[in-house]
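Input: a single structure, listed below in structure tokens.
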Amino acid sequence: MTARIPVQGDLSFVRTLLGAGATDLKYCYQCSTCTVVCPITPAGSPFPRKEMVQAQFGMKDRLVAGLDSWLCIHCNDCSTHCPRGARPGDVMNVLRALSIEHFSVPGVIARAARSVPGVLLLLLIPAVILGAVIAGLHAATGFGFLEGEIVFSRMLPVPVVDAIFIPAAAFAALTLALALTRFLRAVAREHPRTAQGTPLVSAMLGAAGDILSQRKFRECGTNRPRARAHVMAMYGFLGLLVTTTLVAVFYYLNLFGLDVAVGPYGFFHPIKMLGNASGTLVFLGCILVVVRRMTRPDAGRATDFDRVFVWVLFLTVLTGFLAQMLRVSGLGAPAYSTYFVHLVFVFFLLAYAGYTKMAHVFFRTAAMVYARWSGRALTVDRRLP
């Protein structure tokens, strides 16, 4: 007698998947080619075939709490070799976005981050906040920052910028902590720890090695060149983070009586050089991603969720460079205006880190650590005997 396993399907979730970018899901006929060609699928319960089955049945609870959609790096080998054009890689990409939305608090921000109109609304919030603060400072002091030397802190003093951005960072940290806690609890129910699991410290170090080296991309065939763009954007972003931290530390050290140089820095100051080099890496990495998406259909279909983040990151760096160039050129109004736009984009990246594709950094890292800790990260040995 054949055992029957009840399936709790959610048809509305299937429609959500189709509308979010997994439009070719219906073409899958379960041949398992996707799983066979995947170079990084774990043993025991390989992906992405089971995710395609679950998606067709609308098994939302399992999919949003699935660990494997985060172990997938969207190299798109599966989509390239799919005989039906079902594009499993794109389905996995959409599942990650919906997983972020499902576990985010509040979810309405994550839903807004998946559409262009929603993102414009999210950008409007910091634009209004920053504009109101600048107008209030000008009205209270009567200080005309457009006159004299161009120094961006004349428009928005550093303590005022910190008073806006530190709460934004705290909001991001809190919402990310809540989302990741909910995510890991759900993952633990779906993937309990096994005897093959590694100690937590070892799992963290192993995941860090994978992330910093991007070695998993080198196992892919179709989309291997994307590793270059990822490495450039990742290390560039880390460099910009270090630059911003150093600028803030030096400012407050000087404020408390230590004689250290504060901005604006010259082009050949080490901090300025680090910032410009890091920005250039992010700039070029974003260009490589966009060009590859436009010229290589096998690179994977981008959704609004993907495109918006890349463009916001690109425009953040671009406006930073332009503000710097306009300041040096002595063009006051354009320089201050561009710097204002730059701050709006920075606020977006920072405050909404738990809702945009920036959340991938945290969700994927948590999944990679958990996979090693739980024993889920065992890979198939594909070497012939």
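As shown in the structure tokens, the chain order sets the letters A, B, ...; within each chain, residues go from 1, and ligands are also counted from 1 in the order they appear.
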
Spatial neighbours of Ile271 in chain A, max dist 8 Å, only C-alpha atoms, sep filter under 4 positions, as number ranges by chain: A: 243, 246-247, 265, 275

Residues near range 308-320 of chain A, cut-off 9 Å, only C-alpha atoms, skip fewer than 4 positions along chain, as a PyMOL selection string: chain A and resi 113-116+119+279-280+282-287+289-290+303-304+324-325+338-339+341-346+348-349+356-358

Write the residues of the preceding selection, restricted to C-alpha atoms, as a compact mmCIF listing (two decimals), in the first residue's frame.
# COMPACT_ATOMS: atom_id res chain seq x y z
CA ALA A 113 11.45 47.28 -1.57
CA ARG A 114 10.37 44.73 -4.22
CA SER A 115 8.85 47.35 -6.56
CA VAL A 116 10.06 50.55 -8.18
CA VAL A 119 11.42 52.12 -3.54
CA GLY A 279 34.22 53.57 -4.49
CA THR A 280 35.84 52.74 -7.81
CA VAL A 282 31.93 49.27 -6.22
CA PHE A 283 31.33 51.43 -9.29
CA LEU A 284 33.03 48.95 -11.64
CA GLY A 285 31.42 45.95 -9.93
CA CYS A 286 27.94 47.42 -10.46
CA ILE A 287 28.73 48.15 -14.12
CA VAL A 289 26.66 43.24 -13.12
CA VAL A 290 24.45 45.51 -15.24
CA THR A 303 13.69 41.30 -10.89
CA ASP A 304 12.92 44.84 -9.69
CA GLN A 324 33.61 65.54 -4.58
CA MET A 325 34.40 66.76 -8.10
CA THR A 338 24.53 66.30 -5.24
CA TYR A 339 25.73 65.68 -1.69
CA VAL A 341 21.10 63.20 -3.03
CA HIS A 342 24.11 61.13 -1.98
CA LEU A 343 22.96 61.21 1.65
CA VAL A 344 19.46 60.12 0.62
CA PHE A 345 20.90 57.04 -1.09
CA VAL A 346 23.21 56.31 1.87
CA PHE A 348 18.33 54.05 1.97
CA LEU A 349 21.17 51.52 2.01
CA THR A 356 16.38 45.33 0.35
CA LYS A 357 18.77 42.95 -1.37
CA MET A 358 21.34 44.13 1.17

Residue nearest Arg189 in chain A among A:Ala43, A:Ala359, A:Met204, A:Leu67 (counting only C-alpha atoms):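 Of the candidates, the smallest distance to Arg189 in chain A is held by A:Leu67.
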
DSSP helix (DSSP H, G or I) residues within range 10-141 of chain A, as a PyMOL selection string: chain A and resi 11-20+25-27+33-37+49-57+60-64+68-71+77-81+88-103+107-112+116-141

Non-local contacts of range 124-126 of chain A (7 Å; only C-alpha atoms; under 4 positions in same chain excluded) as a VMD selection string: chain A and resid 120 130 344 347

Save the residues we just selected, C-alpha atoms, as a compact mmCIF listing (two decimals), in the first residue's frame?
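Output contents, as saved in selection37.txt:
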# COMPACT_ATOMS: atom_id res chain seq x y z
CA LEU A 120 10.67 55.68 -4.67
CA LEU A 130 17.07 65.63 5.45
CA VAL A 344 19.46 60.12 0.62
CA PHE A 347 20.22 56.48 4.22

Shortest interatomic distance to Gly21 in chain A - which of A:Leu95, A:Ala353, A:Val160, A:Ala168, counting only C-alpha atoms: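 That would be A:Leu95, the residue with the smallest distance to Gly21 in chain A.
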
Could you give me, as JSON lines, a per-residue list for range 83-158 of chain A showing, wherever an atom lies at most 8 Å from an atom of range 47-52 of chain A, the closest pair of atoms and their distance in Å to one decimal, using only C-alpha atoms and sorting by chain then residue number from low to high?
{"residue": "A:Pro88", "atom": "CA", "partner": "A:Pro48", "partner_atom": "CA", "distance": 6.7}
{"residue": "A:Gly89", "atom": "CA", "partner": "A:Pro48", "partner_atom": "CA", "distance": 8.0}
{"residue": "A:Val91", "atom": "CA", "partner": "A:Met52", "partner_atom": "CA", "distance": 7.6}
{"residue": "A:Met92", "atom": "CA", "partner": "A:Pro48", "partner_atom": "CA", "distance": 7.5}

Would you save the residues from that selection as a compact mmCIF listing (two decimals), in the first residue's frame, using all heavy atoms?
# COMPACT_ATOMS: atom_id res chain seq x y z
N PRO A 88 15.04 27.27 -13.07
CA PRO A 88 15.05 27.04 -11.62
C PRO A 88 15.87 28.08 -10.86
O PRO A 88 15.53 28.42 -9.72
CB PRO A 88 15.68 25.64 -11.50
CG PRO A 88 15.46 25.00 -12.82
CD PRO A 88 15.53 26.10 -13.83
N GLY A 89 16.95 28.57 -11.46
CA GLY A 89 17.78 29.57 -10.79
C GLY A 89 16.99 30.83 -10.46
O GLY A 89 17.14 31.42 -9.38
N VAL A 91 13.75 30.93 -10.03
CA VAL A 91 12.78 30.58 -8.99
C VAL A 91 13.44 30.69 -7.61
O VAL A 91 12.88 31.25 -6.66
CB VAL A 91 12.21 29.17 -9.21
CG1 VAL A 91 11.32 28.75 -8.03
CG2 VAL A 91 11.43 29.10 -10.51
N MET A 92 14.66 30.17 -7.50
CA MET A 92 15.38 30.24 -6.23
C MET A 92 15.65 31.69 -5.84
O MET A 92 15.59 32.06 -4.67
CB MET A 92 16.69 29.46 -6.33
CG MET A 92 16.53 27.98 -6.64
SD MET A 92 15.86 27.03 -5.24
CE MET A 92 17.38 26.62 -4.38

Counting only C-alpha atoms, the option among A:Ala188, A:Val133, A:Leu331, A:Ile150 closest to Ala163 in chain A: A:Val133

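Compared by their closest atoms to Asp61 in chain A, and using only C-alpha atoms, the residues A:Asp10, A:Asp90, A:Glu219, A:Glu147 rank with A:Asp10 nearest.
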
Who sits within 9 Å of Gly239 in chain A, only C-alpha atoms, same chain under 2 positions skipped, as number ranges by chain: A: 234-237, 241-244, 274-275, 277-279

Residues just named, written with all heavy atoms as an mmCIF file, in the first residue's frame:
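File part-v9.cif, as written:
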data_model
loop_
_atom_site.group_PDB
_atom_site.id
_atom_site.type_symbol
_atom_site.label_atom_id
_atom_site.label_comp_id
_atom_site.auth_asym_id
_atom_site.auth_seq_id
_atom_site.Cartn_x
_atom_site.Cartn_y
_atom_site.Cartn_z
ATOM 1 N N MET A 234 31.959 43.722 -3.169
ATOM 2 C CA MET A 234 32.038 43.376 -1.754
ATOM 3 C C MET A 234 33.211 44.084 -1.075
ATOM 4 O O MET A 234 33.040 44.755 -0.048
ATOM 5 C CB MET A 234 32.186 41.863 -1.588
ATOM 6 C CG MET A 234 32.330 41.416 -0.140
ATOM 7 S SD MET A 234 32.607 39.636 0.012
ATOM 8 C CE MET A 234 34.264 39.497 -0.699
ATOM 9 N N TYR A 235 34.415 43.948 -1.653
ATOM 10 C CA TYR A 235 35.579 44.572 -1.039
ATOM 11 C C TYR A 235 35.524 46.095 -1.143
ATOM 12 O O TYR A 235 35.994 46.802 -0.243
ATOM 13 C CB TYR A 235 36.864 44.025 -1.663
ATOM 14 C CG TYR A 235 37.242 42.678 -1.100
ATOM 15 C CD1 TYR A 235 37.015 41.515 -1.818
ATOM 16 C CD2 TYR A 235 37.786 42.569 0.169
ATOM 17 C CE1 TYR A 235 37.330 40.274 -1.298
ATOM 18 C CE2 TYR A 235 38.114 41.331 0.702
ATOM 19 C CZ TYR A 235 37.888 40.185 -0.029
ATOM 20 O OH TYR A 235 38.201 38.957 0.500
ATOM 21 N N GLY A 236 34.922 46.605 -2.215
ATOM 22 C CA GLY A 236 34.747 48.043 -2.323
ATOM 23 C C GLY A 236 33.814 48.568 -1.242
ATOM 24 O O GLY A 236 34.077 49.601 -0.620
ATOM 25 N N PHE A 237 32.730 47.853 -1.007
ATOM 26 C CA PHE A 237 31.771 48.276 0.023
ATOM 27 C C PHE A 237 32.421 48.224 1.406
ATOM 28 O O PHE A 237 32.230 49.133 2.229
ATOM 29 C CB PHE A 237 30.536 47.389 -0.021
ATOM 30 C CG PHE A 237 29.398 47.893 0.827
ATOM 31 C CD1 PHE A 237 28.516 48.832 0.321
ATOM 32 C CD2 PHE A 237 29.223 47.440 2.114
ATOM 33 C CE1 PHE A 237 27.469 49.315 1.101
ATOM 34 C CE2 PHE A 237 28.178 47.913 2.904
ATOM 35 C CZ PHE A 237 27.306 48.847 2.389
ATOM 36 N N LEU A 241 33.014 51.318 4.015
ATOM 37 C CA LEU A 241 32.594 51.243 5.409
ATOM 38 C C LEU A 241 33.747 51.626 6.337
ATOM 39 O O LEU A 241 33.558 52.384 7.304
ATOM 40 C CB LEU A 241 32.110 49.820 5.718
ATOM 41 C CG LEU A 241 31.442 49.598 7.071
ATOM 42 C CD1 LEU A 241 30.181 50.442 7.204
ATOM 43 C CD2 LEU A 241 31.096 48.123 7.252
ATOM 44 N N VAL A 242 34.936 51.127 6.036
ATOM 45 C CA VAL A 242 36.121 51.476 6.828
ATOM 46 C C VAL A 242 36.420 52.966 6.701
ATOM 47 O O VAL A 242 36.733 53.646 7.697
ATOM 48 C CB VAL A 242 37.339 50.636 6.374
ATOM 49 C CG1 VAL A 242 38.616 51.150 7.030
ATOM 50 C CG2 VAL A 242 37.126 49.169 6.709
ATOM 51 N N THR A 243 36.313 53.505 5.483
ATOM 52 C CA THR A 243 36.574 54.929 5.262
ATOM 53 C C THR A 243 35.639 55.794 6.091
ATOM 54 O O THR A 243 36.078 56.738 6.771
ATOM 55 C CB THR A 243 36.396 55.272 3.775
ATOM 56 O OG1 THR A 243 37.287 54.482 2.991
ATOM 57 C CG2 THR A 243 36.686 56.745 3.524
ATOM 58 N N THR A 244 34.348 55.490 6.037
ATOM 59 C CA THR A 244 33.360 56.266 6.788
ATOM 60 C C THR A 244 33.622 56.185 8.286
ATOM 61 O O THR A 244 33.527 57.190 9.010
ATOM 62 C CB THR A 244 31.940 55.753 6.486
ATOM 63 O OG1 THR A 244 31.712 55.804 5.072
ATOM 64 C CG2 THR A 244 30.894 56.580 7.192
ATOM 65 N N LEU A 274 41.758 55.695 0.112
ATOM 66 C CA LEU A 274 41.034 54.460 0.414
ATOM 67 C C LEU A 274 39.586 54.582 -0.038
ATOM 68 O O LEU A 274 39.034 53.660 -0.663
ATOM 69 C CB LEU A 274 41.100 54.160 1.907
ATOM 70 C CG LEU A 274 40.259 52.974 2.396
ATOM 71 C CD1 LEU A 274 40.720 51.671 1.738
ATOM 72 C CD2 LEU A 274 40.329 52.856 3.919
ATOM 73 N N GLY A 275 38.970 55.731 0.253
ATOM 74 C CA GLY A 275 37.581 55.939 -0.132
ATOM 75 C C GLY A 275 37.395 55.922 -1.636
ATOM 76 O O GLY A 275 36.463 55.293 -2.157
ATOM 77 N N ALA A 277 39.410 54.588 -3.950
ATOM 78 C CA ALA A 277 39.698 53.259 -4.492
ATOM 79 C C ALA A 277 38.531 52.307 -4.227
ATOM 80 O O ALA A 277 38.120 51.538 -5.109
ATOM 81 C CB ALA A 277 40.979 52.712 -3.873
ATOM 82 N N SER A 278 37.966 52.377 -3.032
ATOM 83 C CA SER A 278 36.849 51.508 -2.684
ATOM 84 C C SER A 278 35.616 51.844 -3.514
ATOM 85 O O SER A 278 34.917 50.954 -4.013
ATOM 86 C CB SER A 278 36.524 51.640 -1.190
ATOM 87 O OG SER A 278 37.630 51.293 -0.392
ATOM 88 N N GLY A 279 35.361 53.144 -3.670
ATOM 89 C CA GLY A 279 34.223 53.568 -4.485
ATOM 90 C C GLY A 279 34.368 53.119 -5.927
ATOM 91 O O GLY A 279 33.383 52.727 -6.568
#

Atom-to-atom span, CA of Ala248 in chain A and CA of Phe268 in chain A, Å: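 Between CA of Ala248 in chain A and CA of Phe268 in chain A the gap is 18.7 Å.
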
Taking 3 positions as the minimum chain separation for residues in the same chain, which residues sit within 9 Å of Leu63 in chain A when counting only C-alpha atoms? Answer as a PDB file with C-alpha atoms, in the first residue's frame.
ATOM      1  CA  GLU A  51      12.045  23.562  -4.449  1.00  0.00           C
ATOM      2  CA  GLN A  54       7.195  22.638  -3.582  1.00  0.00           C
ATOM      3  CA  ALA A  55       6.768  25.874  -5.539  1.00  0.00           C
ATOM      4  CA  GLY A  58       2.454  26.341  -3.258  1.00  0.00           C
ATOM      5  CA  MET A  59       4.145  24.947  -0.141  1.00  0.00           C
ATOM      6  CA  LYS A  60       4.887  28.385   1.265  1.00  0.00           C
ATOM      7  CA  GLY A  66      14.100  26.630   3.357  1.00  0.00           C
ATOM      8  CA  LEU A  67      17.835  26.677   3.864  1.00  0.00           C
ATOM      9  CA  SER A  69      17.477  28.643  -1.475  1.00  0.00           C
ATOM     10  CA  LEU A  95      12.243  32.571  -3.127  1.00  0.00           C
ATOM     11  CA  SER A  99      11.834  34.771   2.396  1.00  0.00           C
TER      12      SER A  99
END

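Distance annotation: of A:Leu322, A:Leu200, A:Val36, A:Val231, the residue with the minimal separation from Leu212 in chain A is A:Val231; atom set is only C-alpha atoms.
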
Atom-to-atom span, CA of Gly19 in chain A and CA of Asn93 in chain A, Å: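 We find that CA of Gly19 in chain A and CA of Asn93 in chain A lie 13.1 Å from each other.
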
Selection: 10 Å around Phe362 in chain A, only C-alpha atoms, excl. self and same-chain fewer than 2 positions, as a ChimeraX atom specification: /A:176-177,179-180,353-354,357-360,364-368

Pairwise distance for CA of Leu238 in chain A and CA of Ile211 in chain A, rounded to one decimal in Å: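 Computed distance, CA of Leu238 in chain A to CA of Ile211 in chain A, equals 12.7 Å.
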